[in-house]
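J.: Submitted below is the structure of interest, expressed as structure tokens.
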Amino acid sequence: MQLGGFRYQNNRERIKLRLVPVTLLRAGMKLGKKIYNENGMVLLSEGVELTSRLIERLGQVGIGYVYIEDAVTEDIVIPEMIHEQTRAAALQEIKKQFQGLSSYSVEHKHKYFGKSFYKVMESILDDIGGRQDAVIMLMDIGAADQDLYHHSLNVCLYSLVLGISNGYDNNQLMELGIGSLLHDIGKMKISPQVLYKPGKLTDEEYEHMKTHTVIGYKLLKDEPGIPLLSAHCALQHHERIDGSGYPNGWKKDQIHEYAKWIGLADSYDAMTASRIYKQALLPYEAMEVLYAGAGTLYEQRMLEAFRDCVAIYPLGLSVVLNTGEEGVVVRIHPKIPQRPVVRIVRDRDGQELKAPYDVDLSVSLSVMITNTLGAATGPFGGVHVD
């Protein structure tokens, strides 16, 4: 067992990984984790040696970051929030039920999919429900152009971690979990040309997109096995506390707390997911964007709780410290994920160390991460994402 997570199943060897933006990949590097397409199929397996053509292709399909093998970080273990089998089964059920709804009339009641999602939630809660040290890790690195199914599951996992940290009981976690898993179910009735448009929507298209909240509520509110509060999550997750959200322009206490958590998780996952038409933000960059809405879009206390649950510096990320040294994030503290353990690999003069050493930022309080190497706004450039 490692701090903040557990090993991949069926992999007892130490994993040698470093997180590298595609813009900094070089021919000859070897992949440390599989690369998936939008359907969850493997594009490239771990251990594959990258060529210039493969690197170019990764950029074309919208992948922003990949893990590569690296001897300096041979003891990094990348944790999963849920078991691989649980994740695969959940995605399969989400895809099956969502696609079934594409030809289902909103006015026709009781398709009876509530029982299926209840079982999915039980499996997910079995994995993370009892983990008081659960941390929101960056999901789907190495997945091309993340789809609605992956997004729904990610938002569910993030929301559950927030619910656990907030002290929710099992019944509340089930309501929040189902609500977050199905928050975007109404998008199955949105025109594919609008839903998958690779760019800014027109005013007319945006108005059409916004109807997914009401559609989702109508699909869920009378469905057996779906809590009514979960249906309200679909309705309210785009409402904002200053009244600028939709569909009703509700403010503050008019919005249920579940929907506020889901709204945060939804925005965070949208910013940190790869798209063919934009580079994903790193977690700390996404948190900066969220904090810009403190007190207007999101409650300050909820943002602070979210920040305390997010590993804003992912494992394997190369960082710059205020000492001028460069290092790699090698461990995450569950209680203070924003203060990780960093392995120093270059001194302040940029010279590579023959004997790298670890600095625990939770202990060395005067040492801080000031930048990352290859981030969207980092010193090596890249593409900035609004």
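By convention here, the chains of the structure tokens are called A, B, ... in the order presented, each chain's residues are numbered starting at 1, and ligands are numbered starting at 1 in the order presented.
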For A:Val319, list every protein, DNA or RNA residue within 12 Å, evaluated using only C-alpha atoms, and leave out those in the same chain fewer than 3 positions away; present the list as a PyMOL selection string.

T.: chain A and resi 18-20+284+312-316+322-330+340-346+368-375+378-380

J.: Skipping near chain neighbours, those fewer than 2 positions away, what residues fall within 7 Å of A:Ser45 using only C-alpha atoms, listed as an MDAnalysis selection string?

T.: chainID A and resid 33:35 42:43 47:48

J.: Show me, as a list in words, the residues that have an atom within 12 Å of A:Gln300 when counting only C-alpha atoms, minus same-chain residues fewer than 3 positions from it.

T.: Ile241, Lys252, Lys260, Trp261, Leu264, Leu290, Tyr291, Ala292, Gly293, Ala294, Gly295, Thr296, Leu297, Leu303, Glu304, Ala305, Phe306 and Arg307 of chain A

J.: Okay, now the selection with N, CA, C and O atoms, as a CSV table (one decimal), in the first residue's frame?

T.:
chain,number,residue,atom,x,y,z
A,241,ILE,N,-24.1,30.4,-7.6
A,241,ILE,CA,-24.6,31.1,-6.4
A,241,ILE,C,-24.9,32.5,-6.6
A,241,ILE,O,-25.7,33.1,-5.9
A,252,LYS,N,-27.5,30.9,-4.3
A,252,LYS,CA,-27.2,30.4,-3.0
A,252,LYS,C,-27.9,29.2,-2.5
A,252,LYS,O,-27.8,28.1,-3.0
A,260,LYS,N,-24.1,21.7,-5.9
A,260,LYS,CA,-22.9,22.6,-5.9
A,260,LYS,C,-21.6,21.8,-5.9
A,260,LYS,O,-20.7,22.2,-6.6
A,261,TRP,N,-21.5,20.7,-5.2
A,261,TRP,CA,-20.4,19.9,-5.3
A,261,TRP,C,-20.2,19.4,-6.7
A,261,TRP,O,-19.0,19.4,-7.3
A,264,LEU,N,-18.8,21.9,-9.1
A,264,LEU,CA,-17.3,22.1,-9.0
A,264,LEU,C,-16.6,21.0,-9.7
A,264,LEU,O,-15.7,21.2,-10.5
A,290,LEU,N,-11.0,27.9,-11.0
A,290,LEU,CA,-12.2,27.8,-10.1
A,290,LEU,C,-12.1,28.9,-9.0
A,290,LEU,O,-13.2,29.4,-8.7
A,291,TYR,N,-11.0,29.1,-8.5
A,291,TYR,CA,-10.9,30.1,-7.4
A,291,TYR,C,-11.2,31.5,-7.9
A,291,TYR,O,-11.6,32.4,-7.1
A,292,ALA,N,-11.1,31.8,-9.2
A,292,ALA,CA,-11.5,33.1,-9.8
A,292,ALA,C,-13.0,33.3,-9.6
A,292,ALA,O,-13.4,34.4,-9.7
A,293,GLY,N,-13.7,32.2,-9.4
A,293,GLY,CA,-15.2,32.3,-9.2
A,293,GLY,C,-15.6,32.2,-7.8
A,293,GLY,O,-16.8,32.0,-7.5
A,294,ALA,N,-14.6,32.3,-6.8
A,294,ALA,CA,-15.0,32.2,-5.4
A,294,ALA,C,-15.9,33.4,-5.0
A,294,ALA,O,-15.6,34.5,-5.3
A,295,GLY,N,-17.0,33.0,-4.4
A,295,GLY,CA,-18.0,34.0,-3.9
A,295,GLY,C,-19.0,34.5,-4.9
A,295,GLY,O,-19.9,35.2,-4.6
A,296,THR,N,-18.7,34.1,-6.2
A,296,THR,CA,-19.7,34.5,-7.2
A,296,THR,C,-20.3,33.2,-7.9
A,296,THR,O,-21.5,33.1,-7.9
A,297,LEU,N,-19.4,32.4,-8.4
A,297,LEU,CA,-19.9,31.2,-9.0
A,297,LEU,C,-20.0,30.0,-8.0
A,297,LEU,O,-20.9,29.2,-8.0
A,303,LEU,N,-14.9,25.5,-2.2
A,303,LEU,CA,-13.7,25.6,-2.9
A,303,LEU,C,-12.5,25.2,-2.1
A,303,LEU,O,-11.6,24.4,-2.5
A,304,GLU,N,-12.5,25.6,-0.8
A,304,GLU,CA,-11.4,25.2,0.1
A,304,GLU,C,-11.4,23.7,0.4
A,304,GLU,O,-10.4,23.1,0.4
A,305,ALA,N,-12.6,23.2,0.6
A,305,ALA,CA,-12.8,21.7,0.8
A,305,ALA,C,-12.3,21.0,-0.4
A,305,ALA,O,-11.6,19.9,-0.3
A,306,PHE,N,-12.7,21.5,-1.6
A,306,PHE,CA,-12.2,20.8,-2.9
A,306,PHE,C,-10.7,20.9,-3.0
A,306,PHE,O,-10.1,19.9,-3.3
A,307,ARG,N,-10.1,22.0,-2.7
A,307,ARG,CA,-8.7,22.2,-2.8
A,307,ARG,C,-8.0,21.2,-1.9
A,307,ARG,O,-6.9,20.6,-2.3

J.: Report as an mmCIF file with C-alpha atoms, in the first residue's frame all protein, DNA and RNA residues lying within 6 Å of A:Ala259, evaluated on only C-alpha atoms, omitting residues in the same chain fewer than 3 positions from it.

T.:
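Heads up, here's the output in result.cif:
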data_model
loop_
_atom_site.group_PDB
_atom_site.id
_atom_site.type_symbol
_atom_site.label_atom_id
_atom_site.label_comp_id
_atom_site.auth_asym_id
_atom_site.auth_seq_id
_atom_site.Cartn_x
_atom_site.Cartn_y
_atom_site.Cartn_z
ATOM 1 C CA CYS A 233 -28.566 17.206 -9.407
ATOM 2 C CA GLN A 236 -29.158 22.190 -10.907
ATOM 3 C CA HIS A 237 -25.491 21.364 -11.591
ATOM 4 C CA HIS A 256 -28.932 21.984 -3.308
ATOM 5 C CA ILE A 262 -21.171 18.371 -8.708
ATOM 6 C CA GLY A 263 -20.873 21.781 -10.349
#

J.: Mind the document's chain letters and residue numbers, and return as a list in words the residues of stretch 59-303 of chain A that DSSP labels strand (DSSP E).

T.: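 Selecting the strand (DSSP E) positions of stretch 59-303 of chain A gives Tyr65, Val66, Tyr67 and Ile68 of chain A.
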
J.: So, with only C-alpha atoms as the atoms that count, which of A:Val72, A:Ile55, A:Leu321, A:Ala286 lies closest to A:Lys354?

T.: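 With only C-alpha atoms as the atom set, the closest residue is A:Val72.
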
J.: Just the number, please: distance in Å from atom CA of A:Glu239 to atom CA of A:Tyr268, one decimal.

T.: 15.3 Å

J.: Pick the closest to A:Leu173 from A:Ile76, A:Val66, A:Ala134, A:Met121: which is it, counting only C-alpha atoms?

T.: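 So, comparing all the options, the nearest one is A:Met121.
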
J.: Tell me, as a PyMOL selection string, which residues lie within 7 Å of A:Gly32, counting only C-alpha atoms; anything in the same chain fewer than 4 positions away does not count.

T.: chain A and resi 16-17+46-47+67-69

J.: So which residues touch A:Leu220 within 9 Å, counting only C-alpha atoms, skipping near sequence neighbours fewer than 6 positions away, as a list in words?

T.: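 Those residues are His110, Gly114, Leu182, Ile185, Ile226, Pro227, Leu228, Ser230, Ala231, His232 and Ala234 of chain A.
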
J.: Which neighbours of A:Gln99 fall inside 12 Å, counting only C-alpha atoms, when residues of the same chain fewer than 6 positions from it are skipped, and could you give them as a list in words?

T.: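 The filter keeps Leu91, Gln92, Glu93, Phe113, Leu148, Tyr149, Ile185, Gly186, Lys187, Met188 and Lys189 of chain A.
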